[in-house]
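The structure under discussion appears below in the form of structure tokens.
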Amino acid sequence: MLKGKVALITGSAKGIGREIALKFAKEGADVVINYRSYSENLKELENTIKSFGVDVLLVEGNVRNFEDAERMVKSCIEKFGRLDILVNNAGITRDNLVLRMKLEEFDEVLDVNLKGAFNLIKASLPIMIKQKSGRIINISSIIGIIGNVGQANYAASKAGLIGLTKSVAKEVASKNITVNAIAPGFIVTDMTDKLPEKIKEKMLDLIPLKRFGLCEDVANVALFLASDMASYITGQVINVDGGMVM
Ligand code: NAD
């Protein structure tokens, strides 16, 4: 489905980003894995991706910094000569009630989750415009739609991502670039592992499909949005949440 395409996925050393990278590679795309600190898992990920018969580039970088975003895109172009798909997946939580939330906790989450996506989009667009095609997929969250106690910073960043998605979608539609967002619900990753069991039980009660989501559930939708099958879809938010938000 993605043969000959090149995809850059931020924060893809683990979790949802890793699954998206693996899925894209299995479907024939060369992939750029962005990570924060090198670990043995990355070597394993690199080897697995190569076993699918595609190429892979590992780039260290902090999405918060525009210079890093530019360097990631530059490295991608130097290695592969093009960039077809950008997935803004890197994200963090710093949960706290507003009254207790430190100013830095608010800023940090906004900087990584929202400005990080802006940085990568800004750095990638000139390439996609020149190519007269591109796909941008932003990983938002249902929390950006419904809000959550203790997650004002996270909810604001993920709601912001939806506004960013729609605005950029309108700006670049005439250049044959689509921009969409995925809003996952509760997906089993390190991010949700740290939640107390009681909260997890409560969450499960709210999920009509009665199971937590898997990284693959999100990766499947990312693949669809990146593929030719989604060429007439832009500015949309697709929930992947087992029916939590309808
Ligand atoms: P995770 O913690 O397993 O992965 C997050 C990744 O982002 C890590 O690889 C981390 O190194 C990277 N990252 C963090 N800060 C970065 C930075 N400044 N620069 C570059 N990379 C950075 O979490 P996950 O659950 O796989 O989350 C992936 C995305 O999905 C996030 O945007 C998250 O908000 C979103 N999401 C997750 C869930 C869920 O239930 N797990 C639900 C909704 C949305």
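Letters A, B, ... go to the chains of the structure tokens in the order shown; residues in each chain start at 1; ligands are counted from 1 in the same order.
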- Could the residues that lie within 7 Å of ligand 1, counting only C-alpha atoms and all ligand atoms, be listed as a PyMOL selection string? chain A and resi 10-17+34-36+61-64+89-92+112-113+139-142+183-192
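Around segment 143-157 of chain A, within 9 Å and counting only C-alpha atoms, the residues found are Ile92, Thr93, Arg94, Asp95, Asn96, Leu97, Val98, Met101, Glu105, Phe106, Asp107, Glu108, Val109, Leu110, Asp111, Val112, Asn113, Leu114, Lys115, Ser140, Ser141, Ala159, Gly160, Leu161, Ile162, Ala183, Pro184, Gly185 and Val245 of chain A, once anything fewer than 2 positions away on its own chain is removed.
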With N, CA and C atoms retained, could you export that selection as a CSV table (one decimal), in the first residue's frame?
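Saved to again12.csv:
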```
chain,number,residue,atom,x,y,z
A,92,ILE,N,3.6,13.7,25.4
A,92,ILE,CA,3.9,13.4,26.8
A,92,ILE,C,2.6,13.8,27.7
A,93,THR,N,2.6,13.3,28.9
A,93,THR,CA,1.6,13.8,29.9
A,93,THR,C,2.4,14.3,31.1
A,94,ARG,N,1.8,15.3,31.8
A,94,ARG,CA,2.3,15.8,33.1
A,94,ARG,C,1.1,16.1,33.8
A,95,ASP,N,0.4,15.1,34.3
A,95,ASP,CA,-1.0,15.3,34.9
A,95,ASP,C,-0.9,15.9,36.3
A,96,ASN,N,-1.9,16.8,36.5
A,96,ASN,CA,-2.1,17.5,37.7
A,96,ASN,C,-3.4,18.3,37.7
A,97,LEU,N,-4.0,18.5,38.8
A,97,LEU,CA,-5.2,19.4,38.8
A,97,LEU,C,-4.7,20.8,38.6
A,98,VAL,N,-5.5,21.6,37.9
A,98,VAL,CA,-5.1,23.0,37.5
A,98,VAL,C,-4.5,23.8,38.7
A,101,MET,N,-1.1,22.5,39.2
A,101,MET,CA,-0.2,22.3,38.1
A,101,MET,C,0.8,23.4,38.0
A,105,GLU,N,4.8,22.6,33.9
A,105,GLU,CA,4.1,21.4,33.5
A,105,GLU,C,3.1,21.7,32.3
A,106,PHE,N,2.5,22.9,32.4
A,106,PHE,CA,1.6,23.3,31.3
A,106,PHE,C,2.4,23.5,30.0
A,107,ASP,N,3.5,24.3,30.2
A,107,ASP,CA,4.3,24.7,29.0
A,107,ASP,C,4.9,23.5,28.3
A,108,GLU,N,5.5,22.6,29.2
A,108,GLU,CA,6.2,21.4,28.6
A,108,GLU,C,5.3,20.6,27.7
A,109,VAL,N,4.0,20.3,28.2
A,109,VAL,CA,3.1,19.5,27.5
A,109,VAL,C,2.7,20.2,26.2
A,110,LEU,N,2.4,21.5,26.3
A,110,LEU,CA,2.0,22.3,25.1
A,110,LEU,C,3.2,22.3,24.1
A,111,ASP,N,4.4,22.5,24.6
A,111,ASP,CA,5.5,22.6,23.7
A,111,ASP,C,5.8,21.3,22.9
A,112,VAL,N,5.7,20.1,23.6
A,112,VAL,CA,6.0,18.9,22.9
A,112,VAL,C,4.8,18.5,22.0
A,113,ASN,N,3.6,18.4,22.6
A,113,ASN,CA,2.4,17.9,21.9
A,113,ASN,C,1.9,18.8,20.8
A,114,LEU,N,1.9,20.1,21.0
A,114,LEU,CA,1.3,21.0,20.0
A,114,LEU,C,2.4,21.7,19.2
A,115,LYS,N,3.3,22.4,19.9
A,115,LYS,CA,4.3,23.1,19.1
A,115,LYS,C,5.2,22.1,18.4
A,140,SER,N,-3.8,13.0,17.9
A,140,SER,CA,-4.4,13.8,19.0
A,140,SER,C,-4.9,12.9,20.1
A,141,SER,N,-6.1,13.1,20.7
A,141,SER,CA,-6.6,12.2,21.7
A,141,SER,C,-8.1,12.5,21.9
A,159,ALA,N,-6.5,19.3,21.9
A,159,ALA,CA,-7.6,20.1,21.2
A,159,ALA,C,-6.9,21.1,20.2
A,160,GLY,N,-5.8,21.6,20.7
A,160,GLY,CA,-5.0,22.5,19.8
A,160,GLY,C,-4.6,21.8,18.5
A,161,LEU,N,-4.2,20.5,18.7
A,161,LEU,CA,-3.7,19.7,17.5
A,161,LEU,C,-4.9,19.6,16.5
A,162,ILE,N,-6.1,19.5,17.0
A,162,ILE,CA,-7.2,19.4,16.1
A,162,ILE,C,-7.4,20.7,15.3
A,183,ALA,N,-7.8,10.5,16.9
A,183,ALA,CA,-8.0,10.7,18.4
A,183,ALA,C,-8.2,9.3,19.0
A,184,PRO,N,-7.1,8.8,19.5
A,184,PRO,CA,-7.2,7.5,20.2
A,184,PRO,C,-7.9,7.6,21.6
A,185,GLY,N,-8.5,6.6,22.0
A,185,GLY,CA,-9.1,6.5,23.4
A,185,GLY,C,-8.0,6.0,24.3
A,245,VAL,N,-16.3,7.8,22.8
A,245,VAL,CA,-16.9,9.1,22.4
A,245,VAL,C,-17.7,8.9,21.1
```
Tell me, counting only C-alpha atoms, for each residue of segment 165-233 of chain A within 10 Å of segment 237-240 of chain A, which pair of atoms is nearest and how far apart they are in Å to one decimal, in rows ordered by chain and increasing number, as a tab-separated table.
```
residue	atom	partner	partner_atom	distance
A:Thr165	CA	A:Val237	CA	8.5
A:Lys166	CA	A:Val237	CA	8.9
A:Val179	CA	A:Val237	CA	9.6
A:Asn180	CA	A:Val237	CA	6.1
A:Ala181	CA	A:Val237	CA	4.6
A:Ile182	CA	A:Ile238	CA	4.8
A:Ala183	CA	A:Asn239	CA	4.5
A:Pro184	CA	A:Val240	CA	4.6
A:Gly185	CA	A:Val240	CA	6.0
A:Phe186	CA	A:Val240	CA	8.8
A:Ile187	CA	A:Val240	CA	9.0
A:Gly213	CA	A:Val240	CA	7.8
A:Leu214	CA	A:Val240	CA	9.8
A:Asp217	CA	A:Val240	CA	7.1
A:Val218	CA	A:Val240	CA	6.4
A:Ala219	CA	A:Val240	CA	9.9
A:Asn220	CA	A:Val240	CA	9.8
A:Val221	CA	A:Val240	CA	8.0
A:Ala222	CA	A:Ile238	CA	9.7
A:Leu225	CA	A:Ile238	CA	9.7
```
Restricting it to C-alpha atoms, dump the selection as an mmCIF file, in the first residue's frame.
```
data_model
loop_
_atom_site.group_PDB
_atom_site.id
_atom_site.type_symbol
_atom_site.label_atom_id
_atom_site.label_comp_id
_atom_site.auth_asym_id
_atom_site.auth_seq_id
_atom_site.Cartn_x
_atom_site.Cartn_y
_atom_site.Cartn_z
ATOM 1 C CA THR A 165 -4.969 19.947 11.673
ATOM 2 C CA LYS A 166 -8.009 21.697 10.230
ATOM 3 C CA VAL A 179 -3.877 16.686 6.930
ATOM 4 C CA ASN A 180 -5.890 14.557 9.334
ATOM 5 C CA ALA A 181 -5.903 13.691 13.016
ATOM 6 C CA ILE A 182 -6.459 10.466 14.898
ATOM 7 C CA ALA A 183 -7.998 10.669 18.357
ATOM 8 C CA PRO A 184 -7.175 7.466 20.229
ATOM 9 C CA GLY A 185 -9.056 6.525 23.373
ATOM 10 C CA PHE A 186 -7.368 4.284 25.931
ATOM 11 C CA ILE A 187 -4.503 2.450 24.217
ATOM 12 C CA GLY A 213 -7.191 -0.391 22.435
ATOM 13 C CA LEU A 214 -3.957 -1.764 21.017
ATOM 14 C CA ASP A 217 -5.749 -0.328 16.256
ATOM 15 C CA VAL A 218 -4.273 3.167 15.856
ATOM 16 C CA ALA A 219 -1.641 2.082 13.324
ATOM 17 C CA ASN A 220 -4.355 0.586 11.078
ATOM 18 C CA VAL A 221 -6.093 3.954 10.809
ATOM 19 C CA ALA A 222 -2.779 5.745 10.251
ATOM 20 C CA LEU A 225 -4.982 7.799 6.090
#
```
- Quick one: pick out all strand (DSSP E) residues within segment 43-112 of chain A from a backbone DSSP run and write them as a ChimeraX atom specification. /A:56-60,85-88
- Item | Nearest to Gly116 of chain A, chosen from A:Val59, A:Glu70, A:Ile77, A:Leu103, with only C-alpha atoms counted in the distances |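 Looking at the shortest contact to Gly116 of chain A, the residue is A:Glu70.
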- Item | Computed interatomic separation between atom CA of Lys130 of chain A and atom CA of Glu46 of chain A (Å) |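 Separation of atom CA of Lys130 of chain A and atom CA of Glu46 of chain A: 29.1 Å.
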- For each of A:Glu104, A:Val31, A:Gly81, A:Phe212, take the minimum atom-to-atom distance to Asp193 of chain A, counting only C-alpha atoms, then give the residue where this is smallest.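 Result for the nearest residue to Asp193 of chain A: A:Phe212.
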Would you give me, as a CSV table (one decimal) with N, CA and C atoms, in the first residue's frame, the residues in segment 14-197 of chain A that DSSP reads as helix (DSSP H, G or I)?
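Writing done, so here's states03.csv:
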```csv
chain,number,residue,atom,x,y,z
A,15,GLY,N,5.8,2.3,21.7
A,15,GLY,CA,4.4,2.6,21.7
A,15,GLY,C,3.7,2.7,20.4
A,16,ILE,N,2.8,3.6,20.3
A,16,ILE,CA,1.9,3.8,19.1
A,16,ILE,C,2.8,4.1,17.9
A,17,GLY,N,3.8,5.0,18.1
A,17,GLY,CA,4.7,5.5,17.0
A,17,GLY,C,5.5,4.3,16.4
A,18,ARG,N,6.0,3.4,17.3
A,18,ARG,CA,6.7,2.2,16.8
A,18,ARG,C,5.8,1.3,16.0
A,19,GLU,N,4.6,1.2,16.4
A,19,GLU,CA,3.7,0.3,15.7
A,19,GLU,C,3.3,0.9,14.3
A,20,ILE,N,3.2,2.2,14.3
A,20,ILE,CA,2.9,2.9,13.0
A,20,ILE,C,4.1,2.7,12.0
A,21,ALA,N,5.3,2.8,12.6
A,21,ALA,CA,6.5,2.7,11.8
A,21,ALA,C,6.6,1.2,11.2
A,22,LEU,N,6.3,0.3,12.1
A,22,LEU,CA,6.4,-1.1,11.6
A,22,LEU,C,5.3,-1.4,10.6
A,23,LYS,N,4.1,-0.9,10.8
A,23,LYS,CA,3.0,-1.1,9.8
A,23,LYS,C,3.3,-0.5,8.5
A,24,PHE,N,3.8,0.7,8.5
A,24,PHE,CA,4.2,1.4,7.2
A,24,PHE,C,5.3,0.6,6.5
A,25,ALA,N,6.3,0.2,7.3
A,25,ALA,CA,7.4,-0.5,6.7
A,25,ALA,C,6.9,-1.8,6.0
A,26,LYS,N,6.1,-2.5,6.8
A,26,LYS,CA,5.5,-3.8,6.2
A,26,LYS,C,4.8,-3.6,4.9
A,40,GLU,N,19.0,-0.2,23.0
A,40,GLU,CA,19.2,-1.5,22.3
A,40,GLU,C,17.9,-1.8,21.5
A,41,ASN,N,16.7,-1.4,22.0
A,41,ASN,CA,15.4,-1.7,21.3
A,41,ASN,C,15.5,-1.1,19.9
A,42,LEU,N,16.2,0.0,19.8
A,42,LEU,CA,16.2,0.7,18.5
A,42,LEU,C,16.9,-0.2,17.4
A,43,LYS,N,18.0,-0.9,17.9
A,43,LYS,CA,18.8,-1.7,17.0
A,43,LYS,C,17.8,-2.9,16.5
A,44,GLU,N,17.1,-3.4,17.4
A,44,GLU,CA,16.1,-4.5,17.1
A,44,GLU,C,15.0,-3.9,16.2
A,45,LEU,N,14.5,-2.7,16.4
A,45,LEU,CA,13.5,-2.1,15.6
A,45,LEU,C,14.1,-1.9,14.2
A,46,GLU,N,15.3,-1.5,14.1
A,46,GLU,CA,16.0,-1.2,12.8
A,46,GLU,C,16.1,-2.5,12.0
A,47,ASN,N,16.5,-3.6,12.7
A,47,ASN,CA,16.7,-4.9,12.0
A,47,ASN,C,15.3,-5.4,11.6
A,48,THR,N,14.3,-5.3,12.4
A,48,THR,CA,13.0,-5.8,12.0
A,48,THR,C,12.5,-5.1,10.8
A,49,ILE,N,12.6,-3.7,10.8
A,49,ILE,CA,12.2,-3.0,9.6
A,49,ILE,C,12.9,-3.4,8.4
A,50,LYS,N,14.2,-3.6,8.5
A,50,LYS,CA,15.0,-4.0,7.3
A,50,LYS,C,14.6,-5.3,6.8
A,66,PHE,N,12.6,23.7,16.9
A,66,PHE,CA,12.5,23.9,15.5
A,66,PHE,C,13.7,23.4,14.7
A,67,GLU,N,14.9,23.7,15.3
A,67,GLU,CA,16.2,23.3,14.7
A,67,GLU,C,16.2,21.8,14.6
A,68,ASP,N,15.8,21.1,15.6
A,68,ASP,CA,15.8,19.6,15.5
A,68,ASP,C,14.8,19.1,14.4
A,69,ALA,N,13.7,19.8,14.4
A,69,ALA,CA,12.7,19.4,13.4
A,69,ALA,C,13.3,19.6,12.0
A,70,GLU,N,13.9,20.7,11.7
A,70,GLU,CA,14.5,21.0,10.4
A,70,GLU,C,15.6,19.9,10.1
A,71,ARG,N,16.4,19.6,11.2
A,71,ARG,CA,17.5,18.6,11.0
A,71,ARG,C,16.9,17.2,10.7
A,72,MET,N,15.8,16.9,11.3
A,72,MET,CA,15.2,15.5,11.0
A,72,MET,C,14.7,15.5,9.6
A,73,VAL,N,14.1,16.5,9.1
A,73,VAL,CA,13.6,16.6,7.7
A,73,VAL,C,14.8,16.6,6.8
A,74,LYS,N,15.8,17.3,7.1
A,74,LYS,CA,17.0,17.4,6.2
A,74,LYS,C,17.6,16.0,6.1
A,75,SER,N,17.8,15.3,7.2
A,75,SER,CA,18.4,14.0,7.2
A,75,SER,C,17.6,13.0,6.4
A,76,CYS,N,16.3,13.2,6.4
A,76,CYS,CA,15.4,12.3,5.7
A,76,CYS,C,15.6,12.6,4.2
A,77,ILE,N,15.7,13.8,3.8
A,77,ILE,CA,15.8,14.2,2.4
A,77,ILE,C,17.2,13.7,1.9
A,78,GLU,N,18.2,13.9,2.7
A,78,GLU,CA,19.6,13.5,2.3
A,78,GLU,C,19.6,12.0,2.1
A,79,LYS,N,18.9,11.2,2.9
A,79,LYS,CA,19.0,9.8,2.8
A,79,LYS,C,18.0,9.3,1.7
A,80,PHE,N,16.8,9.8,1.6
A,80,PHE,CA,15.8,9.2,0.8
A,80,PHE,C,15.4,10.1,-0.4
A,103,LEU,N,3.5,25.9,36.3
A,103,LEU,CA,3.5,26.6,35.0
A,103,LEU,C,4.4,25.8,34.0
A,104,GLU,N,5.5,25.2,34.5
A,104,GLU,CA,6.4,24.4,33.6
A,104,GLU,C,5.6,23.2,33.1
A,105,GLU,N,4.8,22.6,33.9
A,105,GLU,CA,4.1,21.4,33.5
A,105,GLU,C,3.1,21.7,32.3
A,106,PHE,N,2.5,22.9,32.4
A,106,PHE,CA,1.6,23.3,31.3
A,106,PHE,C,2.4,23.5,30.0
A,107,ASP,N,3.5,24.3,30.2
A,107,ASP,CA,4.3,24.7,29.0
A,107,ASP,C,4.9,23.5,28.3
A,108,GLU,N,5.5,22.6,29.2
A,108,GLU,CA,6.2,21.4,28.6
A,108,GLU,C,5.3,20.6,27.7
A,109,VAL,N,4.0,20.3,28.2
A,109,VAL,CA,3.1,19.5,27.5
A,109,VAL,C,2.7,20.2,26.2
A,110,LEU,N,2.4,21.5,26.3
A,110,LEU,CA,2.0,22.3,25.1
A,110,LEU,C,3.2,22.3,24.1
A,111,ASP,N,4.4,22.5,24.6
A,111,ASP,CA,5.5,22.6,23.7
A,111,ASP,C,5.8,21.3,22.9
A,112,VAL,N,5.7,20.1,23.6
A,112,VAL,CA,6.0,18.9,22.9
A,112,VAL,C,4.8,18.5,22.0
A,113,ASN,N,3.6,18.4,22.6
A,113,ASN,CA,2.4,17.9,21.9
A,113,ASN,C,1.9,18.8,20.8
A,114,LEU,N,1.9,20.1,21.0
A,114,LEU,CA,1.3,21.0,20.0
A,114,LEU,C,2.4,21.7,19.2
A,115,LYS,N,3.3,22.4,19.9
A,115,LYS,CA,4.3,23.1,19.1
A,115,LYS,C,5.2,22.1,18.4
A,116,GLY,N,5.4,20.9,18.9
A,116,GLY,CA,6.2,19.9,18.3
A,116,GLY,C,5.7,19.6,16.9
A,117,ALA,N,4.3,19.4,16.9
A,117,ALA,CA,3.7,19.0,15.6
A,117,ALA,C,3.8,20.2,14.6
A,118,PHE,N,3.6,21.4,15.2
A,118,PHE,CA,3.8,22.6,14.3
A,118,PHE,C,5.2,22.7,13.7
A,119,ASN,N,6.2,22.4,14.6
A,119,ASN,CA,7.6,22.5,14.1
A,119,ASN,C,7.8,21.5,12.9
A,120,LEU,N,7.3,20.3,13.1
A,120,LEU,CA,7.6,19.3,12.0
A,120,LEU,C,6.8,19.6,10.8
A,121,ILE,N,5.6,20.1,11.0
A,121,ILE,CA,4.8,20.5,9.8
A,121,ILE,C,5.5,21.6,9.0
A,122,LYS,N,5.9,22.6,9.8
A,122,LYS,CA,6.6,23.8,9.1
A,122,LYS,C,7.8,23.4,8.4
A,123,ALA,N,8.6,22.4,9.0
A,123,ALA,CA,9.8,22.0,8.4
A,123,ALA,C,9.5,21.1,7.1
A,124,SER,N,8.4,20.3,7.2
A,124,SER,CA,8.1,19.4,6.1
A,124,SER,C,7.4,20.0,4.9
A,125,LEU,N,6.6,21.0,5.2
A,125,LEU,CA,5.7,21.5,4.1
A,125,LEU,C,6.4,21.9,2.8
A,126,PRO,N,7.6,22.7,2.9
A,126,PRO,CA,8.2,23.1,1.7
A,126,PRO,C,8.6,21.9,0.8
A,127,ILE,N,8.9,20.7,1.4
A,127,ILE,CA,9.3,19.5,0.6
A,127,ILE,C,8.0,19.0,0.0
A,128,MET,N,6.9,18.9,0.8
A,128,MET,CA,5.7,18.3,0.2
A,128,MET,C,5.1,19.2,-0.9
A,129,ILE,N,5.2,20.5,-0.7
A,129,ILE,CA,4.6,21.4,-1.7
A,129,ILE,C,5.4,21.2,-3.0
A,130,LYS,N,6.7,21.1,-2.9
A,130,LYS,CA,7.6,20.9,-4.1
A,130,LYS,C,7.2,19.6,-4.8
A,131,GLN,N,6.9,18.6,-3.9
A,131,GLN,CA,6.6,17.3,-4.5
A,131,GLN,C,5.2,17.2,-5.1
A,143,ILE,N,-9.2,12.9,24.6
A,143,ILE,CA,-9.2,13.9,25.8
A,143,ILE,C,-9.2,15.3,25.2
A,144,GLY,N,-8.7,15.5,24.0
A,144,GLY,CA,-8.8,16.9,23.4
A,144,GLY,C,-10.2,17.2,23.0
A,145,ILE,N,-11.1,16.2,22.9
A,145,ILE,CA,-12.4,16.5,22.5
A,145,ILE,C,-13.3,16.6,23.8
A,146,ILE,N,-13.1,15.7,24.8
A,146,ILE,CA,-14.0,15.7,25.9
A,146,ILE,C,-13.4,16.3,27.2
A,152,ALA,N,-5.6,19.2,32.1
A,152,ALA,CA,-5.9,20.4,31.4
A,152,ALA,C,-4.9,20.7,30.3
A,153,ASN,N,-3.6,20.5,30.7
A,153,ASN,CA,-2.5,20.8,29.8
A,153,ASN,C,-2.6,19.9,28.6
A,154,TYR,N,-2.8,18.6,28.9
A,154,TYR,CA,-2.8,17.6,27.8
A,154,TYR,C,-4.0,17.8,26.9
A,155,ALA,N,-5.2,18.0,27.5
A,155,ALA,CA,-6.4,18.3,26.7
A,155,ALA,C,-6.3,19.5,25.8
A,156,ALA,N,-5.7,20.6,26.4
A,156,ALA,CA,-5.5,21.8,25.6
A,156,ALA,C,-4.6,21.5,24.4
A,157,SER,N,-3.5,20.7,24.7
A,157,SER,CA,-2.5,20.4,23.6
A,157,SER,C,-3.2,19.6,22.5
A,158,LYS,N,-4.0,18.6,22.9
A,158,LYS,CA,-4.6,17.7,21.9
A,158,LYS,C,-5.8,18.4,21.2
A,159,ALA,N,-6.5,19.3,21.9
A,159,ALA,CA,-7.6,20.1,21.2
A,159,ALA,C,-6.9,21.1,20.2
A,160,GLY,N,-5.8,21.6,20.7
A,160,GLY,CA,-5.0,22.5,19.8
A,160,GLY,C,-4.6,21.8,18.5
A,161,LEU,N,-4.2,20.5,18.7
A,161,LEU,CA,-3.7,19.7,17.5
A,161,LEU,C,-4.9,19.6,16.5
A,162,ILE,N,-6.1,19.5,17.0
A,162,ILE,CA,-7.2,19.4,16.1
A,162,ILE,C,-7.4,20.7,15.3
A,163,GLY,N,-7.3,21.8,16.0
A,163,GLY,CA,-7.4,23.1,15.3
A,163,GLY,C,-6.3,23.3,14.3
A,164,LEU,N,-5.1,22.9,14.7
A,164,LEU,CA,-3.9,22.9,13.8
A,164,LEU,C,-4.2,22.1,12.5
A,165,THR,N,-4.7,20.9,12.8
A,165,THR,CA,-5.0,19.9,11.7
A,165,THR,C,-5.9,20.6,10.6
A,166,LYS,N,-7.0,21.2,11.1
A,166,LYS,CA,-8.0,21.7,10.2
A,166,LYS,C,-7.5,22.9,9.5
A,167,SER,N,-6.7,23.8,10.2
A,167,SER,CA,-6.2,25.0,9.6
A,167,SER,C,-5.2,24.7,8.5
A,168,VAL,N,-4.3,23.8,8.8
A,168,VAL,CA,-3.2,23.4,7.8
A,168,VAL,C,-3.9,22.7,6.7
A,169,ALA,N,-4.9,21.8,7.0
A,169,ALA,CA,-5.6,21.1,5.9
A,169,ALA,C,-6.2,22.1,4.9
A,170,LYS,N,-6.8,23.2,5.4
A,170,LYS,CA,-7.3,24.2,4.5
A,170,LYS,C,-6.2,24.9,3.7
A,171,GLU,N,-5.1,25.2,4.4
A,171,GLU,CA,-4.0,25.9,3.7
A,171,GLU,C,-3.4,25.2,2.6
A,172,VAL,N,-3.3,23.8,2.7
A,172,VAL,CA,-2.5,23.1,1.7
A,172,VAL,C,-3.3,22.1,0.9
A,173,ALA,N,-4.6,22.2,1.0
A,173,ALA,CA,-5.4,21.3,0.2
A,173,ALA,C,-5.1,21.4,-1.3
A,174,SER,N,-4.9,22.7,-1.8
A,174,SER,CA,-4.7,22.9,-3.2
A,174,SER,C,-3.4,22.4,-3.7
A,175,LYS,N,-2.5,22.0,-2.7
A,175,LYS,CA,-1.2,21.5,-3.1
A,175,LYS,C,-1.2,19.9,-3.0
A,190,ASP,N,3.1,2.5,27.4
A,190,ASP,CA,3.7,3.0,28.7
A,190,ASP,C,3.0,4.2,29.3
A,191,MET,N,2.4,5.0,28.3
A,191,MET,CA,1.7,6.2,28.8
A,191,MET,C,0.5,5.8,29.7
A,192,THR,N,-0.2,4.7,29.4
A,192,THR,CA,-1.4,4.4,30.2
A,192,THR,C,-1.1,3.4,31.2
A,193,ASP,N,0.1,2.7,31.1
A,193,ASP,CA,0.5,1.7,32.1
A,193,ASP,C,0.6,2.3,33.5
A,197,GLU,N,-4.7,1.1,38.9
A,197,GLU,CA,-5.7,0.0,38.4
A,197,GLU,C,-7.1,0.5,38.5
```
